[in-house]
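Trainee: What follows is a single structure, and I will ask about it in a moment.
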Amino acid sequence: MAAMTTDLKADCGNCFGLCCVALPFSASADFAIDKDAGTPCRNLRDDFRCGIHARLRQSGFPGCTVYDCFGAGQRVSRITFGGRDWRQAPDAAGRMFAVFAVVRQLHELLWYLDEALALHPARSLHTDLRRLRDETGRLAAGTPEQLAELAVAAHRQQVNDLLLRTSELVRVQAPGRPKKSRRGADLIGARLNGADLRGVDLRGACLIAADLRGADLRQADFIGADLRDARLDGADLTDAFFLTRMQLNAARGDAATRLPTALERPAHWTQR
């Protein structure tokens, strides 16, 4: 898989802490406190940096380490709103937060489209993928007014239809007999250690706390799969696709877990 473009990777130093303000969260295993949408997190400093960034997990905020804006934060902060932050322009804060949510969706789509374009089995779809990639990029570069009015759900559906076709072309290349689809399956705590899951459709599957240690997950489609606390120790995800940093950060793995080249091993995974 080709490396993803740098503008789809979060650059918190060039963002006005949008995810720390715009998004709500509830006290849970992921967050130590309740916070309403539009209210700054109590850990957000005046310079828009997180005051506990180096110890988020230890402080009860593992959910913050999982979240990924796909670079939407710096685009909205520095380009869409021209460097005006929500503290300097409180009258624009609500619109900025709403636009951030839209651009974040568009940047996630760009991530998937970029990856689809790097998948050789889907080369027959590359013309359509490039067209939608260009259109998605054009939409993400819109003005605040244009983004606020964007029917993003309809655009997502267009992209999703093409990604489904891409997935079928990739998964059919997996060796062995066709695997049963696990799309949207409830696999919470499932014992799948050592399983041959090559070419399996795991779209939207709930794999919370699933045991996937040593599983062969090459050419599996992970789009929308919930991997919170899933065990990936020693699993082979070399050619897994539509897998994101968020999903890996939510899972547990080790030094023996084999990952796609475009993705980095999460810092909290065990090194043994």
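Residue numbering restarts at 1 for every chain of the structure tokens, chains are lettered A, B, ... in their displayed order, and ligands are numbered from 1 as they appear.
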List every residue of segment 120-238 of chain A that DSSP, applied to the backbone of this structure, places in strand (DSSP E or B), and write the result as a list in words.

Mentor: Asp186, Arg191, Asp196, Asp201, Cys206, Asp211, Asp216, Asp221, Asp226, Arg231 and Asp236 of chain A

Trainee: Using the selection just defined, write its residues with all heavy atoms as a PDB file, in the first residue's frame.

Mentor:
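Saved as again.pdb:
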```pdb
ATOM      1  N   ASP A 186     -21.852  -9.470  15.006  1.00  0.00           N
ATOM      2  CA  ASP A 186     -21.589  -9.291  16.431  1.00  0.00           C
ATOM      3  C   ASP A 186     -20.543 -10.315  16.845  1.00  0.00           C
ATOM      4  O   ASP A 186     -20.846 -11.497  17.023  1.00  0.00           O
ATOM      5  CB  ASP A 186     -22.874  -9.484  17.231  1.00  0.00           C
ATOM      6  CG  ASP A 186     -22.671  -9.263  18.734  1.00  0.00           C
ATOM      7  OD1 ASP A 186     -21.514  -9.068  19.148  1.00  0.00           O
ATOM      8  OD2 ASP A 186     -23.664  -9.288  19.478  1.00  0.00           O
ATOM      9  N   ARG A 191     -13.717 -15.846  19.914  1.00  0.00           N
ATOM     10  CA  ARG A 191     -12.424 -16.537  19.936  1.00  0.00           C
ATOM     11  C   ARG A 191     -12.032 -16.881  18.509  1.00  0.00           C
ATOM     12  O   ARG A 191     -12.492 -17.884  17.957  1.00  0.00           O
ATOM     13  CB  ARG A 191     -12.520 -17.791  20.796  1.00  0.00           C
ATOM     14  CG  ARG A 191     -12.791 -17.500  22.272  1.00  0.00           C
ATOM     15  CD  ARG A 191     -12.835 -18.765  23.088  1.00  0.00           C
ATOM     16  NE  ARG A 191     -13.041 -18.494  24.500  1.00  0.00           N
ATOM     17  CZ  ARG A 191     -13.130 -19.435  25.442  1.00  0.00           C
ATOM     18  NH1 ARG A 191     -13.016 -20.719  25.102  1.00  0.00           N
ATOM     19  NH2 ARG A 191     -13.333 -19.102  26.705  1.00  0.00           N
ATOM     20  N   ASP A 196      -8.106 -18.451   9.984  1.00  0.00           N
ATOM     21  CA  ASP A 196      -7.805 -18.026   8.620  1.00  0.00           C
ATOM     22  C   ASP A 196      -8.929 -17.112   8.176  1.00  0.00           C
ATOM     23  O   ASP A 196     -10.017 -17.559   7.813  1.00  0.00           O
ATOM     24  CB  ASP A 196      -7.713 -19.239   7.693  1.00  0.00           C
ATOM     25  CG  ASP A 196      -7.389 -18.849   6.248  1.00  0.00           C
ATOM     26  OD1 ASP A 196      -7.270 -17.639   5.969  1.00  0.00           O
ATOM     27  OD2 ASP A 196      -7.275 -19.755   5.409  1.00  0.00           O
ATOM     28  N   ASP A 201     -14.896 -10.174   4.698  1.00  0.00           N
ATOM     29  CA  ASP A 201     -15.543  -8.865   4.779  1.00  0.00           C
ATOM     30  C   ASP A 201     -15.900  -8.616   6.239  1.00  0.00           C
ATOM     31  O   ASP A 201     -16.821  -9.223   6.787  1.00  0.00           O
ATOM     32  CB  ASP A 201     -16.806  -8.861   3.915  1.00  0.00           C
ATOM     33  CG  ASP A 201     -17.476  -7.494   3.872  1.00  0.00           C
ATOM     34  OD1 ASP A 201     -17.032  -6.590   4.605  1.00  0.00           O
ATOM     35  OD2 ASP A 201     -18.449  -7.334   3.113  1.00  0.00           O
ATOM     36  N   CYS A 206     -18.519  -5.859  14.865  1.00  0.00           N
ATOM     37  CA  CYS A 206     -18.217  -5.472  16.245  1.00  0.00           C
ATOM     38  C   CYS A 206     -17.261  -6.500  16.819  1.00  0.00           C
ATOM     39  O   CYS A 206     -17.661  -7.609  17.180  1.00  0.00           O
ATOM     40  CB  CYS A 206     -19.503  -5.400  17.070  1.00  0.00           C
ATOM     41  SG  CYS A 206     -19.235  -4.711  18.713  1.00  0.00           S
ATOM     42  N   ASP A 211     -10.641 -12.084  20.365  1.00  0.00           N
ATOM     43  CA  ASP A 211      -9.304 -12.671  20.402  1.00  0.00           C
ATOM     44  C   ASP A 211      -8.891 -13.015  18.973  1.00  0.00           C
ATOM     45  O   ASP A 211      -9.337 -14.008  18.404  1.00  0.00           O
ATOM     46  CB  ASP A 211      -9.308 -13.932  21.273  1.00  0.00           C
ATOM     47  CG  ASP A 211      -7.913 -14.520  21.456  1.00  0.00           C
ATOM     48  OD1 ASP A 211      -6.965 -14.025  20.812  1.00  0.00           O
ATOM     49  OD2 ASP A 211      -7.768 -15.477  22.242  1.00  0.00           O
ATOM     50  N   ASP A 216      -4.854 -14.800  10.607  1.00  0.00           N
ATOM     51  CA  ASP A 216      -4.410 -14.349   9.291  1.00  0.00           C
ATOM     52  C   ASP A 216      -5.499 -13.447   8.728  1.00  0.00           C
ATOM     53  O   ASP A 216      -6.567 -13.915   8.331  1.00  0.00           O
ATOM     54  CB  ASP A 216      -4.176 -15.542   8.371  1.00  0.00           C
ATOM     55  CG  ASP A 216      -3.453 -15.147   7.079  1.00  0.00           C
ATOM     56  OD1 ASP A 216      -3.477 -13.943   6.741  1.00  0.00           O
ATOM     57  OD2 ASP A 216      -2.885 -16.039   6.424  1.00  0.00           O
ATOM     58  N   ASP A 221     -11.270  -6.744   4.708  1.00  0.00           N
ATOM     59  CA  ASP A 221     -11.802  -5.379   4.657  1.00  0.00           C
ATOM     60  C   ASP A 221     -12.241  -4.978   6.060  1.00  0.00           C
ATOM     61  O   ASP A 221     -13.141  -5.592   6.638  1.00  0.00           O
ATOM     62  CB  ASP A 221     -12.989  -5.343   3.691  1.00  0.00           C
ATOM     63  CG  ASP A 221     -13.590  -3.943   3.535  1.00  0.00           C
ATOM     64  OD1 ASP A 221     -13.266  -3.053   4.338  1.00  0.00           O
ATOM     65  OD2 ASP A 221     -14.409  -3.756   2.616  1.00  0.00           O
ATOM     66  N   ASP A 226     -15.239  -2.279  14.604  1.00  0.00           N
ATOM     67  CA  ASP A 226     -14.945  -1.801  15.954  1.00  0.00           C
ATOM     68  C   ASP A 226     -13.940  -2.745  16.596  1.00  0.00           C
ATOM     69  O   ASP A 226     -14.269  -3.888  16.931  1.00  0.00           O
ATOM     70  CB  ASP A 226     -16.234  -1.757  16.781  1.00  0.00           C
ATOM     71  CG  ASP A 226     -16.055  -1.016  18.109  1.00  0.00           C
ATOM     72  OD1 ASP A 226     -14.905  -0.910  18.580  1.00  0.00           O
ATOM     73  OD2 ASP A 226     -17.069  -0.556  18.666  1.00  0.00           O
ATOM     74  N   ARG A 231      -7.637  -8.251  20.606  1.00  0.00           N
ATOM     75  CA  ARG A 231      -6.268  -8.739  20.739  1.00  0.00           C
ATOM     76  C   ARG A 231      -5.721  -9.090  19.365  1.00  0.00           C
ATOM     77  O   ARG A 231      -6.240  -9.971  18.689  1.00  0.00           O
ATOM     78  CB  ARG A 231      -6.229  -9.968  21.652  1.00  0.00           C
ATOM     79  CG  ARG A 231      -6.614  -9.698  23.092  1.00  0.00           C
ATOM     80  CD  ARG A 231      -5.596  -8.828  23.810  1.00  0.00           C
ATOM     81  NE  ARG A 231      -4.265  -9.399  23.812  1.00  0.00           N
ATOM     82  CZ  ARG A 231      -3.837 -10.269  24.731  1.00  0.00           C
ATOM     83  NH1 ARG A 231      -4.638 -10.670  25.696  1.00  0.00           N
ATOM     84  NH2 ARG A 231      -2.594 -10.740  24.675  1.00  0.00           N
ATOM     85  N   ASP A 236      -1.551 -11.272  11.453  1.00  0.00           N
ATOM     86  CA  ASP A 236      -0.978 -10.798  10.193  1.00  0.00           C
ATOM     87  C   ASP A 236      -2.007  -9.940   9.464  1.00  0.00           C
ATOM     88  O   ASP A 236      -2.982 -10.447   8.916  1.00  0.00           O
ATOM     89  CB  ASP A 236      -0.568 -11.979   9.322  1.00  0.00           C
ATOM     90  CG  ASP A 236       0.250 -11.544   8.095  1.00  0.00           C
ATOM     91  OD1 ASP A 236       0.327 -10.327   7.834  1.00  0.00           O
ATOM     92  OD2 ASP A 236       0.800 -12.427   7.410  1.00  0.00           O
TER      93      ASP A 236
END
```

Trainee: Identify, on the basis of only C-alpha atoms, every residue whose closest approach to Phe81 of chain A does not exceed 10 Å; exclude the query and any residue fewer than 2 positions from it along the same chain; express the result as a tab-separated table (two decimals) with all heavy atoms, in the first residue's frame.

Mentor:
```
chain	number	residue	atom	x	y	z
A	75	ARG	N	-6.77	21.80	8.76
A	75	ARG	CA	-7.36	22.42	7.58
A	75	ARG	C	-8.39	23.48	7.98
A	75	ARG	O	-8.36	24.61	7.49
A	75	ARG	CB	-8.03	21.39	6.67
A	75	ARG	CG	-8.70	22.05	5.46
A	75	ARG	CD	-9.60	21.11	4.71
A	75	ARG	NE	-8.89	20.21	3.81
A	75	ARG	CZ	-8.58	20.52	2.55
A	75	ARG	NH1	-8.91	21.71	2.05
A	75	ARG	NH2	-7.97	19.66	1.79
A	76	VAL	N	-9.30	23.11	8.88
A	76	VAL	CA	-10.34	24.05	9.31
A	76	VAL	C	-9.73	25.24	10.04
A	76	VAL	O	-10.13	26.39	9.83
A	76	VAL	CB	-11.38	23.33	10.20
A	76	VAL	CG1	-12.37	24.33	10.80
A	76	VAL	CG2	-12.12	22.28	9.39
A	77	SER	N	-8.73	24.98	10.88
A	77	SER	CA	-8.11	26.05	11.66
A	77	SER	C	-7.32	27.03	10.80
A	77	SER	O	-7.49	28.25	10.92
A	77	SER	CB	-7.16	25.45	12.72
A	77	SER	OG	-7.87	24.66	13.65
A	78	ARG	N	-6.49	26.50	9.92
A	78	ARG	CA	-5.54	27.34	9.20
A	78	ARG	C	-6.00	27.77	7.81
A	78	ARG	O	-5.56	28.81	7.31
A	78	ARG	CB	-4.19	26.61	9.08
A	78	ARG	CG	-3.58	26.26	10.42
A	78	ARG	CD	-3.25	27.50	11.23
A	78	ARG	NE	-2.73	27.15	12.55
A	78	ARG	CZ	-2.36	28.05	13.45
A	78	ARG	NH1	-2.46	29.34	13.18
A	78	ARG	NH2	-1.90	27.66	14.63
A	79	ILE	N	-6.87	26.97	7.18
A	79	ILE	CA	-7.26	27.27	5.81
A	79	ILE	C	-8.72	27.73	5.73
A	79	ILE	O	-9.00	28.85	5.30
A	79	ILE	CB	-7.03	26.04	4.91
A	79	ILE	CG1	-5.55	25.66	4.92
A	79	ILE	CG2	-7.50	26.33	3.48
A	79	ILE	CD1	-5.23	24.39	4.15
A	83	GLY	N	-6.94	30.95	9.98
A	83	GLY	CA	-6.13	31.22	11.17
A	83	GLY	C	-6.86	31.92	12.29
A	83	GLY	O	-6.25	32.24	13.32
A	84	ARG	N	-8.16	32.16	12.15
A	84	ARG	CA	-8.95	32.76	13.24
A	84	ARG	C	-9.40	31.65	14.19
A	84	ARG	O	-10.03	30.69	13.75
A	84	ARG	CB	-10.18	33.48	12.72
A	84	ARG	CG	-9.91	34.78	11.96
A	84	ARG	CD	-11.22	35.42	11.58
A	84	ARG	NE	-12.06	34.51	10.79
A	84	ARG	CZ	-13.39	34.46	10.87
A	84	ARG	NH1	-14.03	35.24	11.70
A	84	ARG	NH2	-14.06	33.61	10.11
A	85	ASP	N	-9.08	31.76	15.45
A	85	ASP	CA	-9.48	30.70	16.37
A	85	ASP	C	-10.80	31.06	17.06
A	85	ASP	O	-11.26	32.20	17.01
A	85	ASP	CB	-8.38	30.41	17.40
A	85	ASP	CG	-8.15	31.55	18.38
A	85	ASP	OD1	-9.07	31.85	19.17
A	85	ASP	OD2	-7.05	32.15	18.35
A	86	TRP	N	-11.42	30.08	17.68
A	86	TRP	CA	-12.75	30.25	18.27
A	86	TRP	C	-12.73	31.13	19.51
A	86	TRP	O	-13.78	31.63	19.93
A	86	TRP	CB	-13.35	28.88	18.61
A	86	TRP	CG	-12.41	27.94	19.32
A	86	TRP	CD1	-11.54	27.07	18.75
A	86	TRP	CD2	-12.23	27.81	20.73
A	86	TRP	NE1	-10.83	26.38	19.71
A	86	TRP	CE2	-11.24	26.81	20.93
A	86	TRP	CE3	-12.82	28.43	21.84
A	86	TRP	CZ2	-10.82	26.43	22.21
A	86	TRP	CZ3	-12.41	28.04	23.11
A	86	TRP	CH2	-11.42	27.05	23.29
A	92	ALA	N	-18.04	33.05	15.62
A	92	ALA	CA	-17.88	32.06	14.56
A	92	ALA	C	-17.64	30.66	15.11
A	92	ALA	O	-17.51	29.70	14.33
A	92	ALA	CB	-16.73	32.45	13.63
A	96	MET	N	-17.64	27.07	13.15
A	96	MET	CA	-16.36	26.39	13.01
A	96	MET	C	-16.46	24.94	13.47
A	96	MET	O	-15.95	24.02	12.80
A	96	MET	CB	-15.28	27.12	13.83
A	96	MET	CG	-13.88	26.56	13.66
A	96	MET	SD	-12.63	27.45	14.65
A	96	MET	CE	-12.71	29.08	13.89
A	99	VAL	N	-18.46	22.91	10.90
A	99	VAL	CA	-17.67	22.69	9.69
A	99	VAL	C	-16.59	21.64	9.94
A	99	VAL	O	-16.30	20.80	9.07
A	99	VAL	CB	-17.06	24.02	9.21
A	99	VAL	CG1	-15.95	23.78	8.19
A	99	VAL	CG2	-18.15	24.90	8.60
A	143	THR	N	-15.70	26.86	1.15
A	143	THR	CA	-15.81	27.93	2.14
A	143	THR	C	-16.63	27.43	3.33
A	143	THR	O	-17.35	26.42	3.22
A	143	THR	CB	-16.51	29.15	1.53
A	143	THR	OG1	-17.88	28.79	1.22
A	143	THR	CG2	-15.79	29.62	0.28
A	144	PRO	N	-16.57	28.12	4.46
A	144	PRO	CA	-17.40	27.71	5.60
A	144	PRO	C	-18.89	27.63	5.23
A	144	PRO	O	-19.59	26.71	5.68
A	144	PRO	CB	-17.14	28.82	6.63
A	144	PRO	CG	-15.76	29.29	6.32
A	144	PRO	CD	-15.66	29.24	4.82
```

Trainee: Nearest to Leu147 of chain A: which of A:Leu163, A:Leu117, A:Ala209, A:Val103 is it, counting only C-alpha atoms?

Mentor: A:Val103

Trainee: For the structure I just gave you, how does DSSP split segment 27-207 of chain A - specifically, which residues are alpha helix (DSSP H)? Reply as a PyMOL selection string.

Mentor: chain A and resi 62-66+72-75+93-117+126-140+144-148+152-171

Trainee: Report as a list of chain:residue names all protein, DNA and RNA residues lying within 10 Å of Pro266 of chain A, evaluated on only C-alpha atoms, omitting residues in the same chain fewer than 2 positions from it.

Mentor: A:Thr65, A:Val66, A:Arg245, A:Met246, A:Leu248, A:Asn249, A:Ala250, A:Ala251, A:Arg252, A:Gly253, A:Asp254, A:Leu263, A:Glu264, A:His268, A:Trp269, A:Thr270

Trainee: Store the residues picked out above in a file with N, CA and C atoms, as an mmCIF file, in the first residue's frame.

Mentor:
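Everything below was put into again-v1.cif:
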```cif
data_model
loop_
_atom_site.group_PDB
_atom_site.id
_atom_site.type_symbol
_atom_site.label_atom_id
_atom_site.label_comp_id
_atom_site.auth_asym_id
_atom_site.auth_seq_id
_atom_site.Cartn_x
_atom_site.Cartn_y
_atom_site.Cartn_z
ATOM 1 N N THR A 65 -6.673 9.267 22.903
ATOM 2 C CA THR A 65 -5.529 8.714 22.180
ATOM 3 C C THR A 65 -5.969 7.912 20.963
ATOM 4 N N VAL A 66 -7.234 7.544 20.924
ATOM 5 C CA VAL A 66 -7.767 6.763 19.816
ATOM 6 C C VAL A 66 -8.271 7.654 18.687
ATOM 7 N N ARG A 245 -5.698 4.295 11.592
ATOM 8 C CA ARG A 245 -4.943 4.506 12.837
ATOM 9 C C ARG A 245 -5.866 4.404 14.045
ATOM 10 N N MET A 246 -7.086 4.932 13.926
ATOM 11 C CA MET A 246 -8.034 4.887 15.039
ATOM 12 C C MET A 246 -8.296 3.453 15.470
ATOM 13 N N LEU A 248 -6.419 0.755 15.042
ATOM 14 C CA LEU A 248 -5.247 0.157 15.683
ATOM 15 C C LEU A 248 -5.035 0.721 17.073
ATOM 16 N N ASN A 249 -5.242 2.019 17.241
ATOM 17 C CA ASN A 249 -5.064 2.633 18.551
ATOM 18 C C ASN A 249 -6.065 2.106 19.575
ATOM 19 N N ALA A 250 -7.224 1.660 19.092
ATOM 20 C CA ALA A 250 -8.249 1.131 19.994
ATOM 21 C C ALA A 250 -7.988 -0.322 20.353
ATOM 22 N N ALA A 251 -7.176 -0.998 19.545
ATOM 23 C CA ALA A 251 -6.909 -2.421 19.747
ATOM 24 C C ALA A 251 -5.657 -2.623 20.588
ATOM 25 N N ARG A 252 -5.341 -3.900 20.823
ATOM 26 C CA ARG A 252 -4.115 -4.260 21.538
ATOM 27 C C ARG A 252 -3.308 -5.223 20.657
ATOM 28 N N GLY A 253 -2.022 -4.960 20.598
ATOM 29 C CA GLY A 253 -1.166 -5.812 19.792
ATOM 30 C C GLY A 253 0.217 -5.894 20.406
ATOM 31 N N ASP A 254 1.153 -6.423 19.652
ATOM 32 C CA ASP A 254 2.522 -6.528 20.157
ATOM 33 C C ASP A 254 3.525 -6.388 19.017
ATOM 34 N N LEU A 263 0.844 2.135 8.062
ATOM 35 C CA LEU A 263 0.383 2.340 9.428
ATOM 36 C C LEU A 263 1.493 2.054 10.430
ATOM 37 N N GLU A 264 1.577 2.902 11.446
ATOM 38 C CA GLU A 264 2.591 2.751 12.477
ATOM 39 C C GLU A 264 2.055 1.933 13.647
ATOM 40 N N HIS A 268 1.338 2.331 22.634
ATOM 41 C CA HIS A 268 0.920 1.634 23.856
ATOM 42 C C HIS A 268 0.917 0.119 23.716
ATOM 43 N N TRP A 269 1.173 -0.397 22.491
ATOM 44 C CA TRP A 269 1.221 -1.855 22.320
ATOM 45 C C TRP A 269 2.458 -2.418 23.023
ATOM 46 N N THR A 270 2.367 -3.658 23.462
ATOM 47 C CA THR A 270 3.497 -4.289 24.132
ATOM 48 C C THR A 270 4.615 -4.529 23.129
#
```

Trainee: Which is closest to Arg87 of chain A among A:Thr39, A:Thr166, A:Thr238, A:Ser28, if we use only C-alpha atoms?

Mentor: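 Between A:Thr39, A:Thr166, A:Thr238, A:Ser28, the residue approaching Arg87 of chain A most closely is A:Thr39.
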